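Before any comments, here is the structure.
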Amino acid sequence: MIVFLLSILISSINAKEVSSVSLKPEQILSVTLGLGKTTLLRFDEKPQKVIIGNKNYFNLEASENDIALQPLGLSSTNLFVYLRDHTYSFILRACDHCAYDDFIIVKRKNENSQEIFLSDNSQSKGKRFSKKLILGKIIIELKSIFLKNGKYVIDFNLVNSTKKDLRALDFCFELKGNDTKSIEKEFAFENFNLSQGINRGRLVFGLKTKSDVELMANFDKRSAKTVIEKGFL
């Protein structure tokens with residue numbers, strides 16, 4: 001039985017610079033800021049209060065539901081954003097000439113609506129298949145697929161062979177059908193930080209009609225793709 005109690009749910013948007021994350025109140029999101037660049041955080045409602053740890057190295061501007069952040073030097077700090085009935089926590093890290101977060105849509109995680117990610121024993125009943133997407137020293141291994149509540153669920157392992165922890169937020173998946181149109185999907189990792197070794201994940205998508213599906217994974221300007229044949233669906 002797979003339990004994703006600490007999972008981060010990411011709704012991928014085609015533009016790589018934009019991410020949407022759903023967070024539990026107790027989770028802390030790491031955000032990478034680029035020198036000379038502005039990163040925008042957008043919330044479901046207007047923040048009532050914002051506290052940043054180091055005001056000397058970070059410029060902060062709030063407008064309606066948005067918070068714009070710009071680093072003034074290579075530093076790190078924490079950020080707390082207070083909404084009406086809960087608080088979001090962030091770690092801000094500045095870097096130069098690096099892949100930074102451009103636009104993040106922050107949502108509160110709804111436990112009931114994300115039941116498919118939290119607990120399920122259907123994996124043992126799924127169709128086993130073995131496909132790999134290779135992104136340099138990162139390998140995504142597709143393990144099994146099953147149907148639940150009218151949607152297809154793919155369980156996969158992400159094997160991190162780099163010498164550092166990675167962030168779930170930095171990965172993006174794209175799905176396309178035979179008509180080359182993008183397919184709506186969601187994916188989750190068991191943890192925010194993807195440590196060295198094996199990290200579990202899950203991809204969920206719906207299809208109106210069965211057909212071959214092209215799956216592409218993107219990370220740090222690298223991409224890899226494979227085809228999930230109609231026979232597995």
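Naming scheme: A, B, ... for chains in displayed order of the structure tokens; residues 1 onward per chain; ligands 1 onward as shown.
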
Per DSSP on the backbone, filter segment 38-159 of chain A down to the residues in helix (DSSP H, G or I) and report them as JSON, numbers by chain. {"A": [115, 116, 117, 118, 122, 123, 124, 125]}

Hey, what's within 7 Å of Val204 of chain A if we count only C-alpha atoms and toss same-chain stuff fewer than 5 positions away? As a PyMOL selection string, please? chain A and resi 151-154+185-187

Write out as a compact mmCIF listing (two decimals) with all heavy atoms, in the first residue's frame the residues lying within 8 Å of segment 135-142 of chain A, counting only C-alpha atoms and excluding same-chain residues fewer than 4 positions away.
# COMPACT_ATOMS: atom_id res chain seq x y z
N PHE A 129 4.52 -2.44 -16.09
CA PHE A 129 5.27 -2.18 -17.31
C PHE A 129 6.55 -1.44 -16.93
O PHE A 129 6.66 -0.85 -15.86
CB PHE A 129 4.44 -1.41 -18.33
CG PHE A 129 4.12 0.01 -17.97
CD1 PHE A 129 4.41 1.04 -18.85
CD2 PHE A 129 3.49 0.33 -16.78
CE1 PHE A 129 4.10 2.36 -18.53
CE2 PHE A 129 3.16 1.64 -16.47
CZ PHE A 129 3.48 2.65 -17.35
N SER A 130 7.52 -1.50 -17.80
CA SER A 130 8.83 -0.94 -17.49
C SER A 130 9.26 0.01 -18.61
O SER A 130 9.54 -0.42 -19.72
CB SER A 130 9.86 -2.06 -17.32
OG SER A 130 11.14 -1.52 -17.04
N LYS A 131 9.26 1.28 -18.29
CA LYS A 131 9.73 2.30 -19.22
C LYS A 131 10.58 3.30 -18.44
O LYS A 131 10.32 3.55 -17.26
CB LYS A 131 8.57 3.01 -19.91
CG LYS A 131 7.81 2.13 -20.90
CD LYS A 131 6.68 2.90 -21.57
CE LYS A 131 5.94 2.03 -22.58
NZ LYS A 131 6.78 1.74 -23.76
N ILE A 154 -0.40 6.32 -12.75
CA ILE A 154 0.90 5.68 -13.00
C ILE A 154 1.77 5.87 -11.77
O ILE A 154 1.99 7.00 -11.32
CB ILE A 154 1.60 6.29 -14.23
CG1 ILE A 154 0.81 5.99 -15.50
CG2 ILE A 154 3.02 5.75 -14.35
CD1 ILE A 154 1.43 6.59 -16.76
N ASP A 155 2.25 4.76 -11.22
CA ASP A 155 3.23 4.83 -10.14
C ASP A 155 4.62 4.75 -10.75
O ASP A 155 4.89 3.94 -11.62
CB ASP A 155 3.02 3.68 -9.15
CG ASP A 155 1.83 3.92 -8.24
OD1 ASP A 155 1.70 5.06 -7.73
OD2 ASP A 155 1.01 3.01 -8.05
N PHE A 156 5.51 5.62 -10.25
CA PHE A 156 6.87 5.65 -10.80
C PHE A 156 7.89 5.91 -9.70
O PHE A 156 7.55 6.39 -8.61
CB PHE A 156 7.00 6.71 -11.91
CG PHE A 156 6.81 8.13 -11.45
CD1 PHE A 156 7.87 8.88 -10.97
CD2 PHE A 156 5.55 8.74 -11.53
CE1 PHE A 156 7.70 10.20 -10.57
CE2 PHE A 156 5.36 10.05 -11.11
CZ PHE A 156 6.44 10.79 -10.64
N ASN A 157 9.13 5.56 -10.01
CA ASN A 157 10.26 5.88 -9.13
C ASN A 157 11.15 6.90 -9.83
O ASN A 157 11.40 6.79 -11.03
CB ASN A 157 11.10 4.65 -8.81
CG ASN A 157 10.38 3.68 -7.89
OD1 ASN A 157 9.50 4.06 -7.14
ND2 ASN A 157 10.76 2.41 -7.95
N LEU A 158 11.60 7.89 -9.11
CA LEU A 158 12.61 8.81 -9.60
C LEU A 158 13.92 8.46 -8.91
O LEU A 158 14.02 8.53 -7.69
CB LEU A 158 12.22 10.26 -9.33
CG LEU A 158 13.17 11.32 -9.90
CD1 LEU A 158 12.40 12.57 -10.33
CD2 LEU A 158 14.27 11.70 -8.90
N VAL A 159 14.89 8.05 -9.69
CA VAL A 159 16.20 7.66 -9.15
C VAL A 159 17.15 8.85 -9.29
O VAL A 159 17.51 9.25 -10.40
CB VAL A 159 16.76 6.43 -9.88
CG1 VAL A 159 18.08 6.00 -9.24
CG2 VAL A 159 15.76 5.28 -9.84
N ASN A 160 17.54 9.41 -8.18
CA ASN A 160 18.42 10.57 -8.15
C ASN A 160 19.86 10.12 -7.93
O ASN A 160 20.24 9.72 -6.84
CB ASN A 160 17.98 11.52 -7.03
CG ASN A 160 18.89 12.73 -6.89
OD1 ASN A 160 19.75 12.97 -7.73
ND2 ASN A 160 18.68 13.49 -5.82
N SER A 161 20.67 10.18 -8.98
CA SER A 161 22.08 9.78 -8.89
C SER A 161 23.01 10.98 -8.86
O SER A 161 24.22 10.85 -9.03
CB SER A 161 22.45 8.88 -10.08
OG SER A 161 21.69 7.69 -10.07
N THR A 162 22.44 12.18 -8.64
CA THR A 162 23.28 13.35 -8.47
C THR A 162 23.83 13.35 -7.04
O THR A 162 23.49 12.50 -6.23
CB THR A 162 22.48 14.64 -8.71
OG1 THR A 162 21.50 14.79 -7.66
CG2 THR A 162 21.74 14.59 -10.05
N ASN A 218 10.49 16.89 -17.93
CA ASN A 218 11.41 18.02 -18.07
C ASN A 218 12.05 18.34 -16.73
O ASN A 218 11.38 18.37 -15.70
CB ASN A 218 10.67 19.25 -18.58
CG ASN A 218 10.02 19.03 -19.93
OD1 ASN A 218 10.67 18.89 -20.94
ND2 ASN A 218 8.69 18.99 -19.92
N PHE A 219 13.35 18.61 -16.78
CA PHE A 219 14.07 19.04 -15.58
C PHE A 219 15.34 19.77 -16.00
O PHE A 219 16.17 19.23 -16.75
CB PHE A 219 14.44 17.85 -14.69
CG PHE A 219 15.32 18.23 -13.52
CD1 PHE A 219 14.79 18.88 -12.42
CD2 PHE A 219 16.68 17.95 -13.55
CE1 PHE A 219 15.60 19.25 -11.37
CE2 PHE A 219 17.50 18.31 -12.49
CZ PHE A 219 16.96 18.96 -11.39
N ARG A 222 16.64 19.83 -19.47
CA ARG A 222 16.72 18.49 -20.06
C ARG A 222 15.30 17.94 -20.23
O ARG A 222 14.42 18.25 -19.44
CB ARG A 222 17.52 17.52 -19.19
CG ARG A 222 19.01 17.84 -19.09
CD ARG A 222 19.69 16.83 -18.17
NE ARG A 222 21.11 17.08 -18.04
CZ ARG A 222 22.04 16.50 -18.80
NH1 ARG A 222 21.68 15.63 -19.73
NH2 ARG A 222 23.31 16.77 -18.62
N SER A 223 15.11 17.14 -21.25
CA SER A 223 13.80 16.51 -21.45
C SER A 223 13.99 15.10 -21.99
O SER A 223 15.00 14.79 -22.64
CB SER A 223 12.94 17.34 -22.40
OG SER A 223 13.53 17.41 -23.68
N ALA A 224 13.03 14.25 -21.70
CA ALA A 224 13.03 12.88 -22.19
C ALA A 224 11.59 12.47 -22.38
O ALA A 224 10.71 12.92 -21.66
CB ALA A 224 13.75 11.95 -21.21

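Among the candidate residues A:Lys46, A:Lys176, A:Arg93, A:Lys164, the one lying nearest to Val213 of chain A is A:Lys176, with distances computed using only C-alpha atoms.
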
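The nearest approach to Phe43 of chain A among the residues A:Arg84, A:Arg200, A:Lys225, A:Lys230, with only C-alpha atoms taken into account, belongs to A:Arg84.
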
If you count only C-alpha atoms, which residues fall within 7 Å of Ala94 of chain A, apart from same-chain ones fewer than 4 positions away, as an MDAnalysis selection string? chainID A and resid 32:35 71 74:76

Output all heavy atoms for every residue in the selection just made, as a PDB file, in the first residue's frame.
ATOM      1  N   THR A  32      13.607  29.337  -5.112  1.00  0.00           N
ATOM      2  CA  THR A  32      14.878  29.822  -5.628  1.00  0.00           C
ATOM      3  C   THR A  32      14.666  31.146  -6.356  1.00  0.00           C
ATOM      4  O   THR A  32      13.842  31.237  -7.267  1.00  0.00           O
ATOM      5  CB  THR A  32      15.513  28.800  -6.586  1.00  0.00           C
ATOM      6  OG1 THR A  32      15.697  27.562  -5.898  1.00  0.00           O
ATOM      7  CG2 THR A  32      16.867  29.289  -7.081  1.00  0.00           C
ATOM      8  N   LEU A  33      15.415  32.165  -5.940  1.00  0.00           N
ATOM      9  CA  LEU A  33      15.324  33.497  -6.531  1.00  0.00           C
ATOM     10  C   LEU A  33      16.595  33.801  -7.318  1.00  0.00           C
ATOM     11  O   LEU A  33      17.695  33.453  -6.884  1.00  0.00           O
ATOM     12  CB  LEU A  33      15.124  34.554  -5.450  1.00  0.00           C
ATOM     13  CG  LEU A  33      14.000  34.311  -4.434  1.00  0.00           C
ATOM     14  CD1 LEU A  33      13.982  35.439  -3.407  1.00  0.00           C
ATOM     15  CD2 LEU A  33      12.657  34.207  -5.126  1.00  0.00           C
ATOM     16  N   GLY A  34      16.446  34.440  -8.477  1.00  0.00           N
ATOM     17  CA  GLY A  34      17.597  34.788  -9.305  1.00  0.00           C
ATOM     18  C   GLY A  34      17.973  36.246  -9.132  1.00  0.00           C
ATOM     19  O   GLY A  34      17.107  37.130  -9.090  1.00  0.00           O
ATOM     20  N   LEU A  35      19.275  36.534  -9.018  1.00  0.00           N
ATOM     21  CA  LEU A  35      19.738  37.910  -8.902  1.00  0.00           C
ATOM     22  C   LEU A  35      19.307  38.708 -10.122  1.00  0.00           C
ATOM     23  O   LEU A  35      19.462  38.268 -11.259  1.00  0.00           O
ATOM     24  CB  LEU A  35      21.261  37.949  -8.778  1.00  0.00           C
ATOM     25  CG  LEU A  35      21.861  37.641  -7.396  1.00  0.00           C
ATOM     26  CD1 LEU A  35      23.376  37.707  -7.452  1.00  0.00           C
ATOM     27  CD2 LEU A  35      21.333  38.617  -6.347  1.00  0.00           C
ATOM     28  N   PRO A  71      15.870  39.309  -4.894  1.00  0.00           N
ATOM     29  CA  PRO A  71      17.047  39.292  -4.016  1.00  0.00           C
ATOM     30  C   PRO A  71      17.996  40.450  -4.333  1.00  0.00           C
ATOM     31  O   PRO A  71      18.154  40.834  -5.489  1.00  0.00           O
ATOM     32  CB  PRO A  71      17.693  37.941  -4.332  1.00  0.00           C
ATOM     33  CG  PRO A  71      17.310  37.671  -5.755  1.00  0.00           C
ATOM     34  CD  PRO A  71      15.941  38.260  -5.928  1.00  0.00           C
ATOM     35  N   LEU A  74      23.434  37.513  -2.663  1.00  0.00           N
ATOM     36  CA  LEU A  74      23.417  36.056  -2.520  1.00  0.00           C
ATOM     37  C   LEU A  74      23.233  35.710  -1.046  1.00  0.00           C
ATOM     38  O   LEU A  74      24.186  35.702  -0.268  1.00  0.00           O
ATOM     39  CB  LEU A  74      24.709  35.450  -3.064  1.00  0.00           C
ATOM     40  CG  LEU A  74      24.904  35.564  -4.577  1.00  0.00           C
ATOM     41  CD1 LEU A  74      26.272  35.038  -4.993  1.00  0.00           C
ATOM     42  CD2 LEU A  74      23.800  34.814  -5.323  1.00  0.00           C
ATOM     43  N   SER A  75      21.994  35.449  -0.680  1.00  0.00           N
ATOM     44  CA  SER A  75      21.670  35.174   0.712  1.00  0.00           C
ATOM     45  C   SER A  75      20.456  34.258   0.768  1.00  0.00           C
ATOM     46  O   SER A  75      19.870  33.905  -0.254  1.00  0.00           O
ATOM     47  CB  SER A  75      21.389  36.489   1.457  1.00  0.00           C
ATOM     48  OG  SER A  75      21.172  36.259   2.830  1.00  0.00           O
ATOM     49  N   SER A  76      20.085  33.876   1.954  1.00  0.00           N
ATOM     50  CA  SER A  76      18.880  33.061   2.155  1.00  0.00           C
ATOM     51  C   SER A  76      18.158  33.563   3.398  1.00  0.00           C
ATOM     52  O   SER A  76      18.769  34.163   4.291  1.00  0.00           O
ATOM     53  CB  SER A  76      19.234  31.572   2.296  1.00  0.00           C
ATOM     54  OG  SER A  76      20.038  31.366   3.441  1.00  0.00           O
TER      55      SER A  76
END

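Excluding Asp102 of chain A itself and same-chain residues fewer than 3 positions from it, the residues having an atom within 7 Å of it are Glu17, Val18, Thr38, Thr39 and Leu40 of chain A, counting only C-alpha atoms.
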